[in-house]
Amino acid sequence: MLSGRHRLRVIAPWKMAWTYVLAAAVWIGVSDVVLAKLIGGRNSWADLSIYKGWGFVAVTGLALYLVLKRTLVSIQESQEALARNGNLLRHILKHNPSAIAVLDKNMRFILASDRYLEDSFVPQCDVIGRSYYEVFPDAPPHWREVHKRCLAGSIEHFEEEEVRYPEGVVHYLRWECRPWSGPGGDIGGIIIYFELITERKRLEEQLRQALKMEAVGRLAGGVAHDFNNLLMVINGYGQLLLEEIGEESDLQRSRVLEITKAGERAAALTRQLLAFSRKQILRPRTINLNSVVTELEKMLQRVIGEDVLLVTVTDPNLPDVKADPSQIEQVIMNLSVNARDAMPSGGSLTIETAHVQLGEEYVRRHPEVVPGEYVMLAVTDSGHGMDADTQRRAFEPFFTTKPSGQGTGLGLSTVYGILKQSGGHVCLYSEPGHGTTVKAYLPCCDPAARLDAEEHTLRNLPGGTEEIIVAEDDAGVRAMVCEILNRLGYRVQAVSGPREALAQCRQNKDTVRLLITDVIMPEVNGIELARRVHALNSTIRTVFMSGYTDNALLHHGVLEKGIDFLQKPFTTEALAHKVREVLDRTS
Ligand SMILES: Nc1ncnc2c1ncn2[C@@H]1O[C@H](COP(=O)(O)OP(=O)(O)OP(=O)(O)O)[C@@H](O)[C@H]1O
Ligand SMILES: [Mg+2]
């Protein structure tokens with residue numbers, strides 16, 4: 001628009017020539033008659049010619065002056081407009097949200113947008129005037145050919161190119177190169193446009209993965225559901241047959257036994273599939289992951305073997321989460337078994353808990369996550385790690401890299417399903433040759449809602465005022481048991497080991513009514529402690545707590561039948577009822 005206005009002001013040479021010819025013709029034709037009339041007959045022709053001459057000079061001079069003035073003004077205005085346009089163009093280009101650079105035919109930068117420099121990871125230096133190849137010495141070699149073709153007039157583009165940046169980081173680019181023409185129509189250089197599509201590609205991949213997991217989950221859930229019903233029939237009739245066959249026919253019996261064993265294995269697989277497809281029946285409770293980890297520690301050490309060092313790092317201020325404790329145990333177990341398998345010649349396994357805040361930045365990278373406060377459980381091993389393809393597929397059901405018979409490929413998919421169903425999520429970090437970390441996140445419980453719920457439950461539970469000693473070496477469990485008992489009205493003394501428990505009982509042997517003790521403790525076990533306490537005062541009763549099932553304990557011959565036992569993890573209700581029941585028992 002600006003340049004259009006200027007073109008109107010600059011008078012075209014042919015117009016000036018015509019105007020001059022016309023004016024001269026009019027002057028020659030008209031001036032004699034007009035001058036003769038104006039001056040009258042007193043002057044001679046020579047005088048008239050002088051007037052005519054001077055008049056011509058004056059008129060031509062004035063016309064020249066006007067034309068020159070107008071031309072000079074126009075040139076000045078054009079120059080100003082050019083400068084203004086140049087500045088505007090530079091401004092638009094510099095602050096353009098796209099990555100654009102203009103180069104001359106010697107591949108020297110004329111202009112570059114800030115975005116171009118930013119996305120090229122060029123330090124904020126002035127690239128203008130510098131050669132492209134000097135600024136980007138590590139540019140992919142085939143780009144030189146692209147630039148040459150472009151300078152010869154071709155338009156080049158690439159929808160998705162993987163480029164390794166100098167620090168080794170891989171990015172994906174969509175780019176286009178096209179020539180630009182100078183005033184004479186010759187190619188003056190090239191314009192490079194590009195877009196960093198790494199983030200978009202990552203999100204697309206994530207979405208694809210999520211959709212795939214969703215579809216596989218739906219399929220697995222459907223199959224598992226129908227399969228479960230069939231298995232119930234197979235296993236049910238298998239059991240009936242076993243009973244009918246009795247002991248007479250060993251051969252038939254062993255065959256039916258094989259059928260029922262296979263049926264049970266199939267049922268276990270189906271359960272895992274249901275877990276993956278988030279179709280299990282969960283029994284969520286308010287739990288603290290530290291307690292779950294601590295309870296599992298001994299068992300885990302046995303599972304991972306002696307060559308693997310088990311380290312647990314628990315956050316002392318970890319908030320509670322709402323989840324099914326047995327499912328969370330399953331998560332820790334599956335992750336630990338995977339870690340063990342990744343370290344055939346030993347290494348270290350770290351289980352860590354932490355209270356984390358997942359903010360906008362995290363959610364941008366994991367769109368399926370709701371921002372907020374989470375409890376993180378990280379399981380890290382120093383094993384062989386996973387390559388990119390294994391990482392991408394690790395959560396798929398039946399994906400395994402283990403030899404046939406050693407892995408079903410359902411471990412991580414079960415973890416995935418359990419966490420999703422509990423409102424959490426899981427992610428994986430792995431470096432081939434260095435190790436793997438799997439991080440599971442569960443949303444924190446709303447502490448106010450939890451207290452309300454607990455108060456409500458506690459009001460409806462049986463309590464008392466008797467004196468109770470709680471002996472437990474796990475600080476988390478000890479604090480939790482004492483808090484519940486206190487709230488139920490009991491007078492509680494907490495001790496961390498059998499020695500202190502005995503000392504307390506000796507001091508207060510006439511007032512203490514009950515001992516609640518862990519079965520497995522350092523130095524003296526709970527059974528022995530109960531026996532010694534009983535020796536001090538036979539009216540002091542005992543309730544045992546343990547993470548092992550009573551069957552397992554009975555199997556090892558540790559506990560006798562008829563003992564009072566609470567299997568960890570126990571509920572507030574179970575504790576309240578058991579304590580009251582034992583205290584109220586008459587015999
Ligand atoms: N900690 C780890 N280190 C290295 N690779 C791992 C780790 N965890 C999982 N993987 C890889 O992911 C695959 C899938 O794991 P997943 O637990 O789902 O199945 P699996 O361990 O092969 O079999 P299953 O758990 O059913 O016995 C494994 O085969 C292995 O290749
Ligand atoms: Mg596994």
# chains A, B, ... in the order shown; residues from 1 in each chain; ligands from 1
call {"tool": "residues_near_ligand", "arguments": {"ligand": "ligand 1", "cutoff": "9 Å", "atoms": "only C-alpha atoms and all ligand atoms", "output": "PyMOL selection string"}}
result
chain A and resi 272+334-343+379-387+390-391+393-403+405-415+428+430+432+435-438
call {"tool": "write_last_selection", "arguments": {"atoms": "C-alpha atoms", "output": "PDB file, in the first residue's frame"}}
result
ATOM      1  CA  GLN A 272      -4.086 -61.173  36.403  1.00  0.00           C
ATOM      2  CA  ASN A 334       5.815 -57.875  40.653  1.00  0.00           C
ATOM      3  CA  LEU A 335       8.220 -54.954  40.357  1.00  0.00           C
ATOM      4  CA  SER A 336      10.741 -56.599  42.683  1.00  0.00           C
ATOM      5  CA  VAL A 337      10.596 -59.900  40.807  1.00  0.00           C
ATOM      6  CA  ASN A 338      11.210 -58.064  37.528  1.00  0.00           C
ATOM      7  CA  ALA A 339      14.135 -56.245  39.149  1.00  0.00           C
ATOM      8  CA  ARG A 340      15.576 -59.528  40.395  1.00  0.00           C
ATOM      9  CA  ASP A 341      15.250 -61.072  36.923  1.00  0.00           C
ATOM     10  CA  ALA A 342      17.112 -58.087  35.469  1.00  0.00           C
ATOM     11  CA  MET A 343      20.060 -58.687  37.826  1.00  0.00           C
ATOM     12  CA  VAL A 379      11.395 -49.436  42.574  1.00  0.00           C
ATOM     13  CA  THR A 380      14.889 -49.084  41.124  1.00  0.00           C
ATOM     14  CA  ASP A 381      17.297 -51.795  40.108  1.00  0.00           C
ATOM     15  CA  SER A 382      20.834 -51.777  38.784  1.00  0.00           C
ATOM     16  CA  GLY A 383      20.038 -54.462  36.223  1.00  0.00           C
ATOM     17  CA  HIS A 384      20.404 -54.760  32.466  1.00  0.00           C
ATOM     18  CA  GLY A 385      17.677 -52.189  31.730  1.00  0.00           C
ATOM     19  CA  MET A 386      15.414 -52.120  28.696  1.00  0.00           C
ATOM     20  CA  ASP A 387      15.869 -50.903  25.155  1.00  0.00           C
ATOM     21  CA  THR A 390      10.871 -53.040  25.320  1.00  0.00           C
ATOM     22  CA  GLN A 391      10.065 -49.859  27.252  1.00  0.00           C
ATOM     23  CA  ARG A 393       5.724 -52.443  25.078  1.00  0.00           C
ATOM     24  CA  ALA A 394       6.515 -53.394  28.678  1.00  0.00           C
ATOM     25  CA  PHE A 395       2.993 -52.771  30.016  1.00  0.00           C
ATOM     26  CA  GLU A 396       1.254 -54.758  27.295  1.00  0.00           C
ATOM     27  CA  PRO A 397      -0.212 -58.006  28.557  1.00  0.00           C
ATOM     28  CA  PHE A 398       1.741 -61.075  27.423  1.00  0.00           C
ATOM     29  CA  PHE A 399       4.702 -58.992  26.315  1.00  0.00           C
ATOM     30  CA  THR A 400       7.797 -60.687  27.668  1.00  0.00           C
ATOM     31  CA  THR A 401      11.417 -60.931  26.642  1.00  0.00           C
ATOM     32  CA  LYS A 402      11.971 -63.870  28.939  1.00  0.00           C
ATOM     33  CA  PRO A 403      12.426 -67.382  27.592  1.00  0.00           C
ATOM     34  CA  GLY A 405       8.100 -70.751  30.543  1.00  0.00           C
ATOM     35  CA  GLN A 406       9.924 -68.081  32.567  1.00  0.00           C
ATOM     36  CA  GLY A 407       7.615 -65.147  32.095  1.00  0.00           C
ATOM     37  CA  THR A 408       4.008 -64.711  31.100  1.00  0.00           C
ATOM     38  CA  GLY A 409       4.322 -60.992  30.433  1.00  0.00           C
ATOM     39  CA  LEU A 410       1.542 -60.166  32.869  1.00  0.00           C
ATOM     40  CA  GLY A 411       3.602 -58.680  35.724  1.00  0.00           C
ATOM     41  CA  LEU A 412       3.749 -55.084  34.564  1.00  0.00           C
ATOM     42  CA  SER A 413       0.287 -55.147  32.991  1.00  0.00           C
ATOM     43  CA  THR A 414      -1.129 -56.172  36.371  1.00  0.00           C
ATOM     44  CA  VAL A 415       0.759 -53.293  37.994  1.00  0.00           C
ATOM     45  CA  LEU A 428       9.006 -46.320  33.571  1.00  0.00           C
ATOM     46  CA  SER A 430      15.271 -47.281  31.942  1.00  0.00           C
ATOM     47  CA  PRO A 432      20.043 -50.145  28.839  1.00  0.00           C
ATOM     48  CA  GLY A 435      19.068 -50.165  35.333  1.00  0.00           C
ATOM     49  CA  THR A 436      15.413 -49.411  35.580  1.00  0.00           C
ATOM     50  CA  THR A 437      13.128 -47.366  37.785  1.00  0.00           C
ATOM     51  CA  VAL A 438       9.413 -47.958  37.842  1.00  0.00           C
TER      52      VAL A 438
END
call {"tool": "select_by_dssp", "arguments": {"residues": "stretch 249-480 of chain A", "states": "alpha helix (DSSP H)", "output": "PyMOL selection string"}}
result
chain A and resi 250-276+289-304+325-341+360-365+388-393+411-421+447-459+475-480
call {"tool": "residues_around", "arguments": {"residues": "A:Asp119", "least_positions_apart": "5", "cutoff": "9 Å", "atoms": "only C-alpha atoms", "output": "compact mmCIF listing (two decimals) with all heavy atoms, in the first residue's frame"}}
result
# COMPACT_ATOMS: atom_id res chain seq x y z
N ALA A 99 9.73 -20.68 13.31
CA ALA A 99 11.18 -20.64 13.14
C ALA A 99 11.48 -20.35 11.67
O ALA A 99 11.28 -21.22 10.82
CB ALA A 99 11.79 -21.96 13.57
N ASP A 114 13.47 -15.10 16.39
CA ASP A 114 13.96 -15.54 17.71
C ASP A 114 13.67 -17.02 17.90
O ASP A 114 14.46 -17.76 18.46
CB ASP A 114 13.25 -14.76 18.82
CG ASP A 114 13.76 -13.33 18.88
OD1 ASP A 114 14.76 -13.05 18.21
OD2 ASP A 114 13.13 -12.52 19.59
N PHE A 194 11.22 -24.08 9.82
CA PHE A 194 11.15 -25.41 10.42
C PHE A 194 10.32 -25.40 11.69
O PHE A 194 10.06 -24.34 12.28
CB PHE A 194 12.55 -26.01 10.63
CG PHE A 194 13.26 -25.56 11.87
CD1 PHE A 194 13.06 -26.22 13.07
CD2 PHE A 194 14.15 -24.51 11.82
CE1 PHE A 194 13.72 -25.80 14.21
CE2 PHE A 194 14.82 -24.10 12.96
CZ PHE A 194 14.60 -24.75 14.16
N GLU A 195 9.89 -26.57 12.08
CA GLU A 195 9.06 -26.70 13.29
C GLU A 195 9.61 -27.88 14.08
O GLU A 195 9.88 -28.95 13.52
CB GLU A 195 7.63 -27.00 12.84
CG GLU A 195 6.62 -26.91 13.93
CD GLU A 195 5.24 -27.39 13.45
OE1 GLU A 195 5.04 -27.50 12.21
OE2 GLU A 195 4.42 -27.67 14.30
N LEU A 196 9.80 -27.68 15.40
CA LEU A 196 10.24 -28.79 16.27
C LEU A 196 9.01 -29.60 16.63
O LEU A 196 8.12 -29.07 17.31
CB LEU A 196 10.82 -28.24 17.56
CG LEU A 196 12.31 -28.06 17.71
CD1 LEU A 196 12.65 -27.79 19.16
CD2 LEU A 196 13.08 -29.28 17.24
call {"tool": "select_by_dssp", "arguments": {"residues": "stretch 274-430 of chain A", "states": "strand (DSSP E or B)", "output": "number ranges by chain"}}
result
A: 285-287, 308-313, 321-323, 347-358, 372-381, 425-430
call {"tool": "write_last_selection", "arguments": {"atoms": "C-alpha atoms", "output": "CSV table (one decimal), in the first residue's frame"}}
result
chain,number,residue,atom,x,y,z
A,285,ARG,CA,-8.6,-48.8,52.7
A,286,THR,CA,-6.7,-45.9,54.0
A,287,ILE,CA,-3.1,-47.2,54.2
A,308,VAL,CA,20.7,-58.5,45.5
A,309,LEU,CA,21.1,-55.8,48.1
A,310,LEU,CA,17.7,-54.5,49.2
A,311,VAL,CA,17.6,-50.8,50.3
A,312,THR,CA,14.4,-49.1,51.4
A,313,VAL,CA,14.2,-45.4,51.7
A,321,VAL,CA,-3.4,-43.3,50.3
A,322,LYS,CA,-6.6,-45.1,49.6
A,323,ALA,CA,-5.9,-48.5,48.0
A,347,GLY,CA,23.0,-55.8,42.1
A,348,SER,CA,20.9,-53.5,44.2
A,349,LEU,CA,17.2,-53.0,44.5
A,350,THR,CA,15.9,-49.7,46.0
A,351,ILE,CA,12.4,-49.2,47.1
A,352,GLU,CA,11.6,-45.6,47.9
A,353,THR,CA,8.5,-43.8,49.0
A,354,ALA,CA,8.0,-40.0,48.7
A,355,HIS,CA,5.3,-37.4,48.9
A,356,VAL,CA,5.3,-35.6,45.5
A,357,GLN,CA,3.4,-32.8,43.9
A,358,LEU,CA,2.6,-33.4,40.2
A,372,GLY,CA,-2.2,-32.9,42.6
A,373,GLU,CA,-0.5,-34.5,45.5
A,374,TYR,CA,0.6,-38.1,45.1
A,375,VAL,CA,2.5,-40.7,47.1
A,376,MET,CA,5.2,-42.1,44.9
A,377,LEU,CA,6.6,-45.6,45.2
A,378,ALA,CA,9.7,-46.1,43.2
A,379,VAL,CA,11.4,-49.4,42.6
A,380,THR,CA,14.9,-49.1,41.1
A,381,ASP,CA,17.3,-51.8,40.1
A,425,HIS,CA,-0.6,-44.3,37.3
A,426,VAL,CA,2.8,-45.8,36.6
A,427,CYS,CA,5.7,-44.8,34.5
A,428,LEU,CA,9.0,-46.3,33.6
A,429,TYR,CA,12.6,-45.0,33.2
A,430,SER,CA,15.3,-47.3,31.9
call {"tool": "atom_distance", "arguments": {"atom1": "atom CA of A:Phe227", "atom2": "atom CA of A:Glu258"}}
result
18.7 Å
call {"tool": "closest_residue", "arguments": {"among": "A:Ile527, A:Leu515, A:Met333, A:Ile468", "to": "ligand 2", "atoms": "only C-alpha atoms and all ligand atoms"}}
result
A:Met333
call {"tool": "decode", "arguments": {"residues": "stretch 509-549 of chain A", "atoms": "N, CA and C atoms", "output": "mmCIF file, in the first residue's frame"}}
result
data_model
loop_
_atom_site.group_PDB
_atom_site.id
_atom_site.type_symbol
_atom_site.label_atom_id
_atom_site.label_comp_id
_atom_site.auth_asym_id
_atom_site.auth_seq_id
_atom_site.Cartn_x
_atom_site.Cartn_y
_atom_site.Cartn_z
ATOM 1 N N LYS A 509 2.817 -54.657 86.714
ATOM 2 C CA LYS A 509 2.194 -55.975 86.501
ATOM 3 C C LYS A 509 0.789 -56.086 87.098
ATOM 4 N N ASP A 510 0.459 -55.196 88.044
ATOM 5 C CA ASP A 510 -0.881 -55.297 88.622
ATOM 6 C C ASP A 510 -1.924 -54.493 87.854
ATOM 7 N N THR A 511 -1.458 -53.552 87.047
ATOM 8 C CA THR A 511 -2.454 -52.724 86.327
ATOM 9 C C THR A 511 -2.592 -53.122 84.864
ATOM 10 N N VAL A 512 -1.513 -53.650 84.264
ATOM 11 C CA VAL A 512 -1.578 -54.003 82.827
ATOM 12 C C VAL A 512 -2.554 -55.166 82.638
ATOM 13 N N ARG A 513 -3.424 -55.019 81.633
ATOM 14 C CA ARG A 513 -4.413 -56.069 81.389
ATOM 15 C C ARG A 513 -4.114 -56.873 80.113
ATOM 16 N N LEU A 514 -3.410 -56.196 79.184
ATOM 17 C CA LEU A 514 -3.228 -56.856 77.881
ATOM 18 C C LEU A 514 -1.875 -56.502 77.266
ATOM 19 N N LEU A 515 -1.281 -57.502 76.599
ATOM 20 C CA LEU A 515 -0.055 -57.261 75.830
ATOM 21 C C LEU A 515 -0.402 -57.520 74.360
ATOM 22 N N ILE A 516 -0.131 -56.532 73.516
ATOM 23 C CA ILE A 516 -0.300 -56.765 72.062
ATOM 24 C C ILE A 516 1.105 -56.798 71.489
ATOM 25 N N THR A 517 1.490 -57.920 70.933
ATOM 26 C CA THR A 517 2.896 -58.015 70.480
ATOM 27 C C THR A 517 3.023 -58.607 69.081
ATOM 28 N N ASP A 518 4.042 -58.109 68.412
ATOM 29 C CA ASP A 518 4.407 -58.664 67.107
ATOM 30 C C ASP A 518 4.995 -60.056 67.352
ATOM 31 N N VAL A 519 4.816 -60.966 66.401
ATOM 32 C CA VAL A 519 5.337 -62.316 66.627
ATOM 33 C C VAL A 519 6.845 -62.345 66.381
ATOM 34 N N ILE A 520 7.239 -61.785 65.229
ATOM 35 C CA ILE A 520 8.669 -61.840 64.887
ATOM 36 C C ILE A 520 9.319 -60.538 65.353
ATOM 37 N N MET A 521 10.211 -60.663 66.330
ATOM 38 C CA MET A 521 10.908 -59.471 66.836
ATOM 39 C C MET A 521 12.364 -59.838 67.083
ATOM 40 N N PRO A 522 13.252 -58.842 67.119
ATOM 41 C CA PRO A 522 14.655 -59.178 67.385
ATOM 42 C C PRO A 522 14.823 -59.743 68.809
ATOM 43 N N GLU A 523 15.848 -60.498 68.989
ATOM 44 C CA GLU A 523 16.235 -61.125 70.277
ATOM 45 C C GLU A 523 15.232 -62.183 70.736
ATOM 46 N N VAL A 524 14.107 -61.719 71.309
ATOM 47 C CA VAL A 524 13.116 -62.671 71.839
ATOM 48 C C VAL A 524 11.862 -62.552 70.988
ATOM 49 N N ASN A 525 11.320 -63.680 70.523
ATOM 50 C CA ASN A 525 10.114 -63.519 69.707
ATOM 51 C C ASN A 525 8.872 -63.302 70.573
ATOM 52 N N GLY A 526 7.765 -62.933 69.912
ATOM 53 C CA GLY A 526 6.542 -62.567 70.630
ATOM 54 C C GLY A 526 6.016 -63.689 71.520
ATOM 55 N N ILE A 527 6.178 -64.929 71.071
ATOM 56 C CA ILE A 527 5.640 -66.070 71.818
ATOM 57 C C ILE A 527 6.375 -66.189 73.171
ATOM 58 N N GLU A 528 7.699 -66.056 73.080
ATOM 59 C CA GLU A 528 8.527 -66.177 74.284
ATOM 60 C C GLU A 528 8.218 -65.009 75.234
ATOM 61 N N LEU A 529 8.041 -63.828 74.623
ATOM 62 C CA LEU A 529 7.720 -62.650 75.434
ATOM 63 C C LEU A 529 6.411 -62.891 76.195
ATOM 64 N N ALA A 530 5.401 -63.397 75.477
ATOM 65 C CA ALA A 530 4.095 -63.634 76.101
ATOM 66 C C ALA A 530 4.251 -64.634 77.261
ATOM 67 N N ARG A 531 5.090 -65.637 77.042
ATOM 68 C CA ARG A 531 5.283 -66.651 78.084
ATOM 69 C C ARG A 531 5.900 -66.007 79.342
ATOM 70 N N ARG A 532 6.886 -65.137 79.130
ATOM 71 C CA ARG A 532 7.552 -64.503 80.293
ATOM 72 C C ARG A 532 6.613 -63.536 81.005
ATOM 73 N N VAL A 533 5.789 -62.828 80.200
ATOM 74 C CA VAL A 533 4.829 -61.883 80.804
ATOM 75 C C VAL A 533 3.800 -62.673 81.619
ATOM 76 N N HIS A 534 3.379 -63.775 81.053
ATOM 77 C CA HIS A 534 2.403 -64.622 81.728
ATOM 78 C C HIS A 534 2.967 -65.109 83.058
ATOM 79 N N ALA A 535 4.283 -65.365 83.042
ATOM 80 C CA ALA A 535 4.931 -65.829 84.272
ATOM 81 C C ALA A 535 4.901 -64.737 85.348
ATOM 82 N N LEU A 536 4.948 -63.464 84.906
ATOM 83 C CA LEU A 536 4.900 -62.352 85.879
ATOM 84 C C LEU A 536 3.506 -62.211 86.485
ATOM 85 N N ASN A 537 2.512 -62.267 85.587
ATOM 86 C CA ASN A 537 1.117 -62.154 86.042
ATOM 87 C C ASN A 537 0.253 -62.926 85.054
ATOM 88 N N SER A 538 -0.327 -64.007 85.523
ATOM 89 C CA SER A 538 -1.037 -64.892 84.587
ATOM 90 C C SER A 538 -2.355 -64.291 84.095
ATOM 91 N N THR A 539 -2.798 -63.161 84.685
ATOM 92 C CA THR A 539 -4.063 -62.577 84.198
ATOM 93 C C THR A 539 -3.821 -61.640 83.014
ATOM 94 N N ILE A 540 -2.552 -61.335 82.726
ATOM 95 C CA ILE A 540 -2.284 -60.470 81.555
ATOM 96 C C ILE A 540 -2.469 -61.311 80.296
ATOM 97 N N ARG A 541 -3.352 -60.859 79.463
ATOM 98 C CA ARG A 541 -3.622 -61.618 78.235
ATOM 99 C C ARG A 541 -2.768 -61.095 77.070
ATOM 100 N N THR A 542 -2.703 -61.880 75.993
ATOM 101 C CA THR A 542 -1.843 -61.490 74.859
ATOM 102 C C THR A 542 -2.598 -61.605 73.538
ATOM 103 N N VAL A 543 -2.387 -60.602 72.698
ATOM 104 C CA VAL A 543 -2.852 -60.684 71.311
ATOM 105 C C VAL A 543 -1.604 -60.589 70.429
ATOM 106 N N PHE A 544 -1.457 -61.554 69.520
ATOM 107 C CA PHE A 544 -0.292 -61.542 68.636
ATOM 108 C C PHE A 544 -0.649 -60.859 67.315
ATOM 109 N N MET A 545 0.363 -60.169 66.752
ATOM 110 C CA MET A 545 0.164 -59.577 65.417
ATOM 111 C C MET A 545 1.284 -60.115 64.524
ATOM 112 N N SER A 546 0.931 -60.350 63.266
ATOM 113 C CA SER A 546 1.991 -60.743 62.332
ATOM 114 C C SER A 546 1.554 -60.528 60.893
ATOM 115 N N GLY A 547 2.560 -60.357 60.053
ATOM 116 C CA GLY A 547 2.265 -60.207 58.629
ATOM 117 C C GLY A 547 2.040 -61.567 57.982
ATOM 118 N N TYR A 548 2.475 -62.625 58.645
ATOM 119 C CA TYR A 548 2.271 -63.960 58.086
ATOM 120 C C TYR A 548 0.854 -64.423 58.396
ATOM 121 N N THR A 549 0.353 -65.277 57.546
ATOM 122 C CA THR A 549 -1.007 -65.761 57.822
ATOM 123 C C THR A 549 -0.926 -66.731 58.987
#
